[in-house]
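Data file: upload-v3.cif. Format and content: mmCIF, C-alpha atoms.
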```cif
data_data
#
loop_
_atom_site.label_atom_id
_atom_site.label_comp_id
_atom_site.auth_asym_id
_atom_site.auth_seq_id
_atom_site.Cartn_x
_atom_site.Cartn_y
_atom_site.Cartn_z
CA MET C 1 -98.08 63.46 -59.48
CA PHE C 2 -101.11 63.58 -57.17
CA LYS C 3 -103.66 60.88 -58.01
CA SER C 4 -106.16 61.12 -55.17
CA ILE C 5 -107.09 64.42 -53.53
CA LEU C 6 -109.10 64.57 -50.32
CA VAL C 7 -111.09 67.73 -49.62
CA PRO C 8 -112.62 68.10 -46.15
CA PHE C 9 -115.83 70.03 -46.72
CA ASP C 10 -117.88 71.67 -43.97
CA GLY C 11 -119.91 74.00 -46.17
CA SER C 12 -118.01 77.15 -45.15
CA LYS C 13 -116.79 79.79 -47.62
CA GLY C 14 -113.17 78.72 -46.94
CA ALA C 15 -114.02 75.07 -47.65
CA GLU C 16 -115.76 76.07 -50.88
CA THR C 17 -112.70 78.04 -52.03
CA ALA C 18 -110.48 75.05 -51.22
CA LEU C 19 -112.82 72.70 -53.09
CA ARG C 20 -112.80 74.87 -56.21
CA LYS C 21 -108.98 75.06 -56.11
CA ALA C 22 -108.76 71.30 -55.61
CA ALA C 23 -111.11 70.70 -58.57
CA GLU C 24 -108.98 72.99 -60.74
CA LEU C 25 -105.80 71.16 -59.71
CA CYS C 26 -107.43 67.76 -60.25
CA ARG C 27 -108.51 68.70 -63.77
CA ALA C 28 -104.99 69.99 -64.57
CA LEU C 29 -103.40 66.68 -63.53
CA ASP C 30 -103.67 63.39 -65.39
CA ASP C 31 -105.68 60.59 -63.86
CA CYS C 32 -106.56 62.38 -60.63
CA LYS C 33 -109.67 61.76 -58.55
CA LEU C 34 -111.38 63.88 -55.93
CA THR C 35 -112.93 62.72 -52.67
CA LEU C 36 -114.98 64.84 -50.27
CA LEU C 37 -115.25 64.27 -46.54
CA THR C 38 -117.74 65.94 -44.23
CA VAL C 39 -117.10 65.35 -40.53
CA TYR C 40 -119.65 65.97 -37.81
CA ARG C 41 -119.31 65.65 -34.07
CA HIS C 42 -120.98 62.64 -32.56
CA HIS C 43 -123.61 63.65 -30.03
CA SER C 44 -122.85 62.20 -26.63
CA MET C 45 -124.74 62.25 -23.35
CA LEU C 46 -121.66 63.82 -21.78
CA GLU C 47 -121.79 66.78 -24.11
CA ALA C 48 -125.52 67.03 -23.54
CA SER C 49 -125.06 67.19 -19.77
CA ILE C 50 -122.22 69.73 -19.99
CA SER C 51 -124.27 72.00 -22.21
CA MET C 52 -127.26 71.64 -19.85
CA VAL C 53 -129.34 70.44 -22.76
CA ARG C 54 -131.74 67.71 -21.78
CA ALA C 55 -131.46 65.08 -24.46
CA ASP C 56 -134.44 62.79 -24.29
CA GLU C 57 -133.68 61.33 -27.67
CA PRO C 58 -129.92 61.35 -28.23
CA GLY C 59 -130.28 58.90 -31.11
CA ASN C 60 -132.48 61.34 -32.95
CA LEU C 61 -130.11 64.25 -32.33
CA ASP C 62 -127.30 62.23 -33.87
CA ASP C 63 -129.55 61.43 -36.83
CA ILE C 64 -130.24 65.13 -37.31
CA MET C 65 -126.52 65.98 -37.27
CA ARG C 66 -125.75 63.17 -39.70
CA GLY C 67 -128.59 64.30 -41.96
CA HIS C 68 -127.26 67.85 -41.99
CA ALA C 69 -123.74 66.57 -42.76
CA LYS C 70 -125.15 64.59 -45.71
CA LEU C 71 -126.76 67.75 -47.09
CA VAL C 72 -123.44 69.58 -46.76
CA ALA C 73 -121.65 66.73 -48.58
CA GLU C 74 -124.24 66.82 -51.39
CA HIS C 75 -123.72 70.57 -51.70
CA GLY C 76 -119.98 69.91 -52.01
CA LYS C 77 -120.57 67.36 -54.78
CA ALA C 78 -122.67 69.90 -56.66
CA ILE C 79 -119.89 72.50 -56.41
CA ALA C 80 -117.30 69.97 -57.65
CA THR C 81 -119.53 69.01 -60.59
CA GLU C 82 -120.00 72.67 -61.48
CA ALA C 83 -116.20 73.08 -61.27
CA GLY C 84 -115.72 70.34 -63.87
CA CYS C 85 -115.19 67.30 -61.60
CA PRO C 86 -118.38 65.24 -61.90
CA ASN C 87 -117.04 61.91 -60.61
CA VAL C 88 -116.58 62.88 -56.98
CA ARG C 89 -117.17 60.54 -54.08
CA ALA C 90 -118.46 62.12 -50.87
CA PHE C 91 -118.26 60.58 -47.39
CA VAL C 92 -119.81 61.54 -44.07
CA LYS C 93 -118.07 60.58 -40.80
CA SER C 94 -118.43 61.49 -37.16
CA GLY C 95 -115.54 62.14 -34.78
CA PRO C 96 -112.90 64.72 -33.86
CA THR C 97 -112.56 66.69 -37.09
CA ALA C 98 -108.79 67.00 -37.65
CA ARG C 99 -107.90 63.48 -36.53
CA MET C 100 -110.76 62.03 -38.59
CA ILE C 101 -109.52 63.83 -41.73
CA VAL C 102 -105.96 62.61 -41.26
CA SER C 103 -106.92 58.98 -40.54
CA PHE C 104 -109.42 58.96 -43.44
CA ALA C 105 -106.65 60.10 -45.83
CA GLN C 106 -104.40 57.32 -44.57
CA GLU C 107 -107.09 54.64 -44.89
CA HIS C 108 -108.13 55.76 -48.38
CA ASP C 109 -104.55 56.39 -49.53
CA ASN C 110 -105.26 59.98 -50.58
CA ASP C 111 -101.92 61.52 -51.54
CA LEU C 112 -102.95 65.15 -50.98
CA ILE C 113 -105.33 66.92 -48.61
CA VAL C 114 -106.67 70.29 -49.81
CA ILE C 115 -108.20 72.29 -46.98
CA GLY C 116 -109.49 75.82 -46.49
CA SER C 117 -107.89 78.16 -44.01
CA ARG C 118 -109.87 80.85 -42.27
CA GLY C 119 -108.30 83.06 -44.89
CA LEU C 120 -107.59 85.89 -42.52
CA GLY C 121 -103.85 85.99 -43.19
CA SER C 122 -103.24 86.62 -39.49
CA LEU C 123 -100.75 84.53 -37.58
CA GLU C 124 -102.51 85.25 -34.32
CA ASN C 125 -105.81 83.86 -35.57
CA TYR C 126 -104.01 80.87 -37.02
CA LEU C 127 -102.24 80.13 -33.75
CA LEU C 128 -105.58 79.92 -31.98
CA GLY C 129 -105.89 76.57 -33.67
CA SER C 130 -107.98 76.08 -36.75
CA VAL C 131 -108.77 72.66 -38.20
CA SER C 132 -106.42 73.32 -41.14
CA HIS C 133 -103.67 74.08 -38.67
CA LYS C 134 -104.22 70.80 -36.83
CA VAL C 135 -104.46 68.76 -40.03
CA THR C 136 -101.20 70.24 -41.31
CA GLY C 137 -99.54 69.36 -38.03
CA LEU C 138 -100.91 65.82 -37.84
CA SER C 139 -100.79 64.64 -41.44
CA ASP C 140 -97.96 62.47 -42.72
CA ARG C 141 -98.84 63.45 -46.32
CA PRO C 142 -98.86 66.78 -48.20
CA VAL C 143 -101.51 69.32 -47.18
CA LEU C 144 -102.46 72.27 -49.39
CA VAL C 145 -103.93 75.08 -47.31
CA VAL C 146 -105.99 77.38 -49.55
CA MET R 1 -103.83 76.53 -62.48
CA PHE R 2 -100.63 77.43 -60.60
CA LYS R 3 -98.19 79.38 -62.77
CA SER R 4 -95.50 80.46 -60.34
CA ILE R 5 -94.40 78.28 -57.43
CA LEU R 6 -92.16 79.59 -54.67
CA VAL R 7 -90.07 77.09 -52.71
CA PRO R 8 -88.30 78.34 -49.59
CA PHE R 9 -85.10 76.32 -49.42
CA ASP R 10 -82.83 76.10 -46.37
CA GLY R 11 -80.92 72.99 -47.39
CA SER R 12 -82.69 70.70 -44.88
CA LYS R 13 -84.04 67.26 -45.74
CA GLY R 14 -87.60 68.57 -45.39
CA ALA R 15 -86.88 71.45 -47.78
CA GLU R 16 -85.35 69.03 -50.29
CA THR R 17 -88.45 66.80 -50.16
CA ALA R 18 -90.67 69.86 -50.69
CA LEU R 19 -88.50 71.03 -53.59
CA ARG R 20 -88.70 67.66 -55.35
CA LYS R 21 -92.50 67.61 -54.89
CA ALA R 22 -92.75 71.19 -56.19
CA ALA R 23 -90.63 70.29 -59.24
CA GLU R 24 -92.87 67.29 -59.94
CA LEU R 25 -95.99 69.45 -59.66
CA CYS R 26 -94.47 72.19 -61.82
CA ARG R 27 -93.62 69.69 -64.58
CA ALA R 28 -97.16 68.24 -64.44
CA LEU R 29 -98.74 71.67 -64.94
CA ASP R 30 -98.66 73.73 -68.12
CA ASP R 31 -96.60 76.89 -68.22
CA CYS R 32 -95.47 76.80 -64.60
CA LYS R 33 -92.22 78.24 -63.27
CA LEU R 34 -90.30 77.55 -60.10
CA THR R 35 -88.53 80.08 -57.85
CA LEU R 36 -86.28 79.27 -54.90
CA LEU R 37 -85.77 81.51 -51.90
CA THR R 38 -83.09 81.06 -49.25
CA VAL R 39 -83.50 83.32 -46.22
CA TYR R 40 -80.75 83.99 -43.68
CA ARG R 41 -80.86 85.99 -40.49
CA HIS R 42 -79.14 89.35 -40.67
CA HIS R 43 -76.35 89.54 -38.13
CA SER R 44 -76.93 92.34 -35.67
CA MET R 45 -74.83 93.75 -32.85
CA LEU R 46 -77.73 93.03 -30.52
CA GLU R 47 -77.67 89.33 -31.32
CA ALA R 48 -73.90 89.36 -30.98
CA SER R 49 -74.08 90.87 -27.50
CA ILE R 50 -76.87 88.50 -26.41
CA SER R 51 -74.91 85.49 -27.54
CA MET R 52 -71.79 86.87 -25.83
CA VAL R 53 -69.93 86.67 -29.11
CA ARG R 54 -67.61 89.58 -29.61
CA ALA R 55 -68.18 90.79 -33.16
CA ASP R 56 -65.27 92.91 -34.24
CA GLU R 57 -66.27 92.66 -37.86
CA PRO R 58 -70.06 92.36 -38.10
CA GLY R 59 -69.90 93.21 -41.79
CA ASN R 60 -67.77 90.18 -42.45
CA LEU R 61 -70.02 87.90 -40.39
CA ASP R 62 -72.96 89.00 -42.50
CA ASP R 63 -70.92 88.31 -45.64
CA ILE R 64 -70.19 84.81 -44.39
CA MET R 65 -73.87 84.12 -43.71
CA ARG R 66 -74.85 85.48 -47.09
CA GLY R 67 -72.13 83.41 -48.75
CA HIS R 68 -73.42 80.27 -47.05
CA ALA R 69 -77.01 81.08 -48.09
CA LYS R 70 -75.84 81.44 -51.69
CA LEU R 71 -74.26 77.99 -51.56
CA VAL R 72 -77.53 76.58 -50.19
CA ALA R 73 -79.49 78.28 -53.00
CA GLU R 74 -77.10 76.86 -55.62
CA HIS R 75 -77.57 73.41 -54.11
CA GLY R 76 -81.34 73.90 -54.45
CA LYS R 77 -80.97 74.87 -58.10
CA ALA R 78 -78.96 71.69 -58.73
CA ILE R 79 -81.68 69.56 -57.11
CA ALA R 80 -84.39 71.26 -59.20
CA THR R 81 -82.38 70.73 -62.39
CA GLU R 82 -81.91 67.06 -61.51
CA ALA R 83 -85.68 66.85 -60.88
CA GLY R 84 -86.42 68.09 -64.40
CA CYS R 85 -86.84 71.84 -63.77
CA PRO R 86 -83.71 73.46 -65.22
CA ASN R 87 -85.01 77.03 -65.52
CA VAL R 88 -85.20 77.87 -61.85
CA ARG R 89 -84.44 81.29 -60.40
CA ALA R 90 -82.92 81.35 -56.93
CA PHE R 91 -82.90 84.33 -54.56
CA VAL R 92 -81.12 85.00 -51.27
CA LYS R 93 -82.63 87.40 -48.73
CA SER R 94 -82.00 88.29 -45.11
CA GLY R 95 -84.71 88.86 -42.52
CA PRO R 96 -87.22 87.04 -40.30
CA THR R 97 -87.76 83.81 -42.24
CA ALA R 98 -91.55 83.32 -42.33
CA ARG R 99 -92.42 86.98 -42.91
CA MET R 100 -89.74 87.28 -45.60
CA ILE R 101 -91.16 84.23 -47.44
CA VAL R 102 -94.71 85.59 -47.35
CA SER R 103 -93.76 89.12 -48.47
CA PHE R 104 -91.48 87.74 -51.20
CA ALA R 105 -94.37 85.67 -52.60
CA GLN R 106 -96.59 88.76 -52.61
CA GLU R 107 -93.97 90.94 -54.33
CA HIS R 108 -93.15 88.32 -56.97
CA ASP R 109 -96.77 87.29 -57.44
CA ASN R 110 -96.10 83.61 -56.74
CA ASP R 111 -99.47 81.85 -56.64
CA LEU R 112 -98.34 78.88 -54.53
CA ILE R 113 -95.76 78.37 -51.78
CA VAL R 114 -94.46 74.81 -51.38
CA ILE R 115 -92.69 74.32 -48.07
CA GLY R 116 -91.30 71.40 -46.08
CA SER R 117 -92.70 70.51 -42.69
CA ARG R 118 -90.55 68.90 -40.06
CA GLY R 119 -92.27 65.74 -41.23
CA LEU R 120 -92.75 64.35 -37.75
CA GLY R 121 -96.52 63.99 -38.03
CA SER R 122 -96.87 65.16 -34.44
CA LEU R 123 -99.26 67.94 -33.53
CA GLU R 124 -97.25 68.76 -30.43
CA ASN R 125 -94.08 69.35 -32.42
CA TYR R 126 -96.01 71.35 -34.96
CA LEU R 127 -97.56 73.55 -32.31
CA LEU R 128 -94.10 74.51 -31.09
CA GLY R 129 -93.98 76.72 -34.13
CA SER R 130 -92.12 75.70 -37.26
CA VAL R 131 -91.49 78.05 -40.18
CA SER R 132 -94.04 76.14 -42.30
CA HIS R 133 -96.62 76.67 -39.57
CA LYS R 134 -95.98 80.42 -39.51
CA VAL R 135 -95.99 80.73 -43.30
CA THR R 136 -99.31 78.87 -43.51
CA GLY R 137 -100.75 81.20 -40.91
CA LEU R 138 -99.45 84.40 -42.46
CA SER R 139 -99.85 83.79 -46.18
CA ASP R 140 -102.78 85.16 -48.15
CA ARG R 141 -102.15 82.62 -50.92
CA PRO R 142 -102.19 78.79 -51.04
CA VAL R 143 -99.44 76.97 -49.14
CA LEU R 144 -98.59 73.33 -49.79
CA VAL R 145 -96.92 71.78 -46.76
CA VAL R 146 -94.99 68.66 -47.81
#
```

Mind turning this structure into structure tokens?
Amino acid sequence: MFKSILVPFDGSKGAETALRKAAELCRALDDCKLTLLTVYRHHSMLEASISMVRADEPGNLDDIMRGHAKLVAEHGKAIATEAGCPNVRAFVKSGPTARMIVSFAQEHDNDLIVIGSRGLGSLENYLLGSVSHKVTGLSDRPVLVV
Amino acid sequence: MFKSILVPFDGSKGAETALRKAAELCRALDDCKLTLLTVYRHHSMLEASISMVRADEPGNLDDIMRGHAKLVAEHGKAIATEAGCPNVRAFVKSGPTARMIVSFAQEHDNDLIVIGSRGLGSLENYLLGSVSHKVTGLSDRPVLVV
């Protein structure tokens, strides 16, 4: 059965619910490991100019975003430990969220992605295009939307 | 963990892959049961007129569709048995496919829906609107897209 579960974790309530479900599933299966991935958007001068924000120190802005993502990942590890999965590896990457999740799972040979939905149970909201929606559409491996 | 898995089964290759994965998961978990659901579209006079098909015996057409759906469901049961899950219940319902799957899972208290994607790994194809996409958007419980 599943041996390596990837949980994209952005610190949201939906991501936390997905992480707890993934931890429960991982514990119920033999020889299964859990990996967390927090993705942040790389700061670019283009984005800075579009948003009319004057970025004197773009390097520092990127550092701040990466630092925040690391805190989010650490929070995810703490939740997983509390949920009975202490040996979790957590990664931080920058890039377009859905495509980064899918390519990370391919590179690390994760055989299941567990991801939170917005949990609204509304097709209209879903069709607007959430990350879980994109990941499910792009992934060549099973995706559990919680 | 999951106790009651619902697998919508339409006889397609994608549905068969999802069913085999669901059977594997069900066997790996303690005290888990598998339910199959085959949904067919109810024949209506409106559809008949739109498609320019003259339906003299709409009752019989509906019987034929239901009969075919039952054969598909039986085929699903055989696959599940072969995959090590002999005690599978299979249901046949008519209605709009995605909404029927979601409401069936609610009524029968299934705690996971395992459904096949088109397996193309293309966001564009996914965005066109597959049944798995709609189910994932509508469901208030976890959906595993295989």

Revision key, fill the gap. Across C:Asn87, C:Thr17, C:Ser4, C:Ser12, the smallest distance to chain R, with only C-alpha atoms counted, is shown by C:Thr17

Point to revise | Explicit residues for the PyMOL selection byres ((chain C and resi 109) around 10) (as a ChimeraX atom specification) | key: /C:3-6,103-108,110-112,141

Export C-alpha atoms of the chosen residues as a short mmCIF file (atom, residue, chain, number, x, y, z; two decimals), in the frame of the given file?
```
data_model
loop_
_atom_site.label_atom_id
_atom_site.label_comp_id
_atom_site.auth_asym_id
_atom_site.auth_seq_id
_atom_site.Cartn_x
_atom_site.Cartn_y
_atom_site.Cartn_z
CA LYS C 3 -103.66 60.88 -58.01
CA SER C 4 -106.16 61.12 -55.17
CA ILE C 5 -107.09 64.42 -53.53
CA LEU C 6 -109.10 64.57 -50.32
CA SER C 103 -106.92 58.98 -40.54
CA PHE C 104 -109.42 58.96 -43.44
CA ALA C 105 -106.65 60.10 -45.83
CA GLN C 106 -104.40 57.32 -44.57
CA GLU C 107 -107.09 54.64 -44.89
CA HIS C 108 -108.13 55.76 -48.38
CA ASN C 110 -105.26 59.98 -50.58
CA ASP C 111 -101.92 61.52 -51.54
CA LEU C 112 -102.95 65.15 -50.98
CA ARG C 141 -98.84 63.45 -46.32
#
```

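In terms of minimum interatomic distance to chain R, C:Cys26 ranks closest within C:Val7, C:Ile79, C:Cys26, C:Ala15, counting only C-alpha atoms.
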
Exercise for review: Name the residues that the PyMOL selection byres ((chain R and resi 10) around 9) pulls out of this structure, and write them as a list in words.
Suggested key: Pro8, Phe9, Gly11, Ser12, Lys13, Gly14, Ala15, Glu16, Leu37, Thr38, Val39, Tyr40, Ala69, Val72, Ala73 and Gly76 of chain R

Point to revise | Residue neighbourhood Val88 in chain R, 7 Å, all atoms listed in the file, exclusion window fewer than 2 positions, as a list in words | key: Leu34, Thr35, Lys77, Cys85, Pro86 and Ala90 of chain R

Check your understanding: What's the 7 Å shell around Val146 in chain R, counting all atoms listed in the file, without same-chain residues fewer than 6 positions away, as a ChimeraX atom specification?
Key -> /C:141-143 /R:18,115-117

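Between CA of Ala83 in chain R and CA of Gly137 in chain C lies a distance of 26.8 Å.
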
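You will find CA of Leu36 in chain R at 19.3 Å from CA of Met1 in chain R.
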
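Closest to Glu82 in chain C among C:Arg20, C:Val135, C:Ala98, C:Leu144 is C:Arg20, based on only C-alpha atoms.
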
Check your understanding: Which one of C:Val145, C:Leu25, C:Asn60, C:Asp31 sits closest to His133 in chain R if you count all atoms listed in the file?
Key -> C:Val145

Let me have the centre and edge lengths in Å, one decimal, of the box along x, y and z around every listed atom of range 97-114 of chain R with 5 Å of margin on each side, as AutoDock Vina command-line options.
```
--center_x -93.6 --center_y 82.9 --center_z -49.8 --size_x 21.7 --size_y 26.1 --size_z 25.2
```

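Relative to CA of Thr136 in chain R, CA of Ser130 in chain C is found at 11.3 Å.
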
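Considering the residues C:Glu24, C:Ala80, C:Leu19, C:Lys33 and counting only C-alpha atoms, chain R has its shortest atom-to-atom contact with C:Glu24.
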
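Nearest to chain R of all the residues C:Cys32, C:Asp140, C:Ala23, C:Phe91 is C:Asp140, based on all atoms listed in the file.
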
Please write range 25-36 of chain C of the preceding block to a file containing all heavy atoms, as a PDB file, in the first residue's frame?
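Wrote it out as part31.pdb, contents follow:
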```pdb
ATOM      1  N   LEU C  25      -3.648   8.065   8.594  1.00  0.00           N
ATOM      2  CA  LEU C  25      -3.524   7.037   7.554  1.00  0.00           C
ATOM      3  C   LEU C  25      -2.140   6.402   7.600  1.00  0.00           C
ATOM      4  O   LEU C  25      -1.995   5.176   7.525  1.00  0.00           O
ATOM      5  CB  LEU C  25      -3.777   7.680   6.177  1.00  0.00           C
ATOM      6  CG  LEU C  25      -3.637   6.762   4.954  1.00  0.00           C
ATOM      7  CD1 LEU C  25      -4.597   5.572   5.041  1.00  0.00           C
ATOM      8  CD2 LEU C  25      -3.892   7.545   3.667  1.00  0.00           C
ATOM      9  N   CYS C  26      -1.116   7.225   7.775  1.00  0.00           N
ATOM     10  CA  CYS C  26       0.270   6.746   7.805  1.00  0.00           C
ATOM     11  C   CYS C  26       0.482   5.772   8.971  1.00  0.00           C
ATOM     12  O   CYS C  26       1.128   4.736   8.810  1.00  0.00           O
ATOM     13  CB  CYS C  26       1.205   7.944   7.918  1.00  0.00           C
ATOM     14  SG  CYS C  26       2.870   7.610   7.358  1.00  0.00           S
ATOM     15  N   ARG C  27      -0.105   6.098  10.120  1.00  0.00           N
ATOM     16  CA  ARG C  27       0.039   5.224  11.283  1.00  0.00           C
ATOM     17  C   ARG C  27      -0.695   3.898  11.074  1.00  0.00           C
ATOM     18  O   ARG C  27      -0.274   2.862  11.569  1.00  0.00           O
ATOM     19  CB  ARG C  27      -0.485   5.922  12.536  1.00  0.00           C
ATOM     20  CG  ARG C  27       0.513   6.912  13.130  1.00  0.00           C
ATOM     21  CD  ARG C  27       0.090   7.369  14.522  1.00  0.00           C
ATOM     22  NE  ARG C  27      -1.130   8.146  14.466  1.00  0.00           N
ATOM     23  CZ  ARG C  27      -2.261   7.853  15.088  1.00  0.00           C
ATOM     24  NH1 ARG C  27      -2.331   6.755  15.842  1.00  0.00           N
ATOM     25  NH2 ARG C  27      -3.324   8.622  14.972  1.00  0.00           N
ATOM     26  N   ALA C  28      -1.816   3.943  10.323  1.00  0.00           N
ATOM     27  CA  ALA C  28      -2.628   2.742  10.096  1.00  0.00           C
ATOM     28  C   ALA C  28      -1.975   1.799   9.082  1.00  0.00           C
ATOM     29  O   ALA C  28      -2.318   0.608   9.030  1.00  0.00           O
ATOM     30  CB  ALA C  28      -4.024   3.132   9.618  1.00  0.00           C
ATOM     31  N   LEU C  29      -1.050   2.321   8.281  1.00  0.00           N
ATOM     32  CA  LEU C  29      -0.395   1.504   7.254  1.00  0.00           C
ATOM     33  C   LEU C  29       0.989   1.070   7.730  1.00  0.00           C
ATOM     34  O   LEU C  29       1.648   1.792   8.483  1.00  0.00           O
ATOM     35  CB  LEU C  29      -0.266   2.301   5.948  1.00  0.00           C
ATOM     36  CG  LEU C  29      -1.588   2.765   5.304  1.00  0.00           C
ATOM     37  CD1 LEU C  29      -1.311   3.688   4.127  1.00  0.00           C
ATOM     38  CD2 LEU C  29      -2.437   1.573   4.867  1.00  0.00           C
ATOM     39  N   ASP C  30       1.428  -0.073   7.264  1.00  0.00           N
ATOM     40  CA  ASP C  30       2.757  -0.558   7.632  1.00  0.00           C
ATOM     41  C   ASP C  30       3.825   0.196   6.851  1.00  0.00           C
ATOM     42  O   ASP C  30       3.667   0.434   5.654  1.00  0.00           O
ATOM     43  CB  ASP C  30       2.878  -2.057   7.300  1.00  0.00           C
ATOM     44  CG  ASP C  30       2.059  -2.900   8.264  1.00  0.00           C
ATOM     45  OD1 ASP C  30       1.802  -2.423   9.378  1.00  0.00           O
ATOM     46  OD2 ASP C  30       1.684  -4.020   7.883  1.00  0.00           O
ATOM     47  N   ASP C  31       4.909   0.539   7.537  1.00  0.00           N
ATOM     48  CA  ASP C  31       6.093   1.025   6.857  1.00  0.00           C
ATOM     49  C   ASP C  31       5.804   2.220   5.942  1.00  0.00           C
ATOM     50  O   ASP C  31       6.177   2.222   4.766  1.00  0.00           O
ATOM     51  CB  ASP C  31       6.688  -0.151   6.044  1.00  0.00           C
ATOM     52  CG  ASP C  31       8.065   0.171   5.491  1.00  0.00           C
ATOM     53  OD1 ASP C  31       8.740   1.037   6.070  1.00  0.00           O
ATOM     54  OD2 ASP C  31       8.426  -0.431   4.466  1.00  0.00           O
ATOM     55  N   CYS C  32       5.105   3.190   6.503  1.00  0.00           N
ATOM     56  CA  CYS C  32       4.734   4.381   5.722  1.00  0.00           C
ATOM     57  C   CYS C  32       5.395   5.613   6.321  1.00  0.00           C
ATOM     58  O   CYS C  32       5.439   5.760   7.547  1.00  0.00           O
ATOM     59  CB  CYS C  32       3.210   4.542   5.720  1.00  0.00           C
ATOM     60  SG  CYS C  32       2.618   5.945   4.768  1.00  0.00           S
ATOM     61  N   LYS C  33       5.942   6.483   5.460  1.00  0.00           N
ATOM     62  CA  LYS C  33       6.562   7.700   5.979  1.00  0.00           C
ATOM     63  C   LYS C  33       5.861   8.948   5.430  1.00  0.00           C
ATOM     64  O   LYS C  33       5.252   8.909   4.363  1.00  0.00           O
ATOM     65  CB  LYS C  33       8.059   7.741   5.691  1.00  0.00           C
ATOM     66  CG  LYS C  33       8.445   7.831   4.241  1.00  0.00           C
ATOM     67  CD  LYS C  33       9.966   7.707   4.091  1.00  0.00           C
ATOM     68  CE  LYS C  33      10.394   7.644   2.637  1.00  0.00           C
ATOM     69  NZ  LYS C  33      10.220   8.876   1.882  1.00  0.00           N
ATOM     70  N   LEU C  34       6.002  10.013   6.208  1.00  0.00           N
ATOM     71  CA  LEU C  34       5.293  11.256   5.907  1.00  0.00           C
ATOM     72  C   LEU C  34       6.312  12.349   5.589  1.00  0.00           C
ATOM     73  O   LEU C  34       7.321  12.487   6.273  1.00  0.00           O
ATOM     74  CB  LEU C  34       4.491  11.656   7.158  1.00  0.00           C
ATOM     75  CG  LEU C  34       3.222  12.475   7.004  1.00  0.00           C
ATOM     76  CD1 LEU C  34       2.179  11.702   6.213  1.00  0.00           C
ATOM     77  CD2 LEU C  34       2.661  12.785   8.395  1.00  0.00           C
ATOM     78  N   THR C  35       6.036  13.105   4.536  1.00  0.00           N
ATOM     79  CA  THR C  35       6.880  14.241   4.172  1.00  0.00           C
ATOM     80  C   THR C  35       6.015  15.491   4.043  1.00  0.00           C
ATOM     81  O   THR C  35       4.928  15.429   3.462  1.00  0.00           O
ATOM     82  CB  THR C  35       7.592  13.975   2.815  1.00  0.00           C
ATOM     83  OG1 THR C  35       8.348  12.773   2.912  1.00  0.00           O
ATOM     84  CG2 THR C  35       8.514  15.126   2.443  1.00  0.00           C
ATOM     85  N   LEU C  36       6.493  16.592   4.603  1.00  0.00           N
ATOM     86  CA  LEU C  36       5.770  17.865   4.468  1.00  0.00           C
ATOM     87  C   LEU C  36       6.474  18.764   3.459  1.00  0.00           C
ATOM     88  O   LEU C  36       7.700  18.737   3.353  1.00  0.00           O
ATOM     89  CB  LEU C  36       5.732  18.608   5.813  1.00  0.00           C
ATOM     90  CG  LEU C  36       5.047  17.940   6.995  1.00  0.00           C
ATOM     91  CD1 LEU C  36       4.999  18.917   8.165  1.00  0.00           C
ATOM     92  CD2 LEU C  36       3.650  17.512   6.610  1.00  0.00           C
TER      93      LEU C  36
END
```
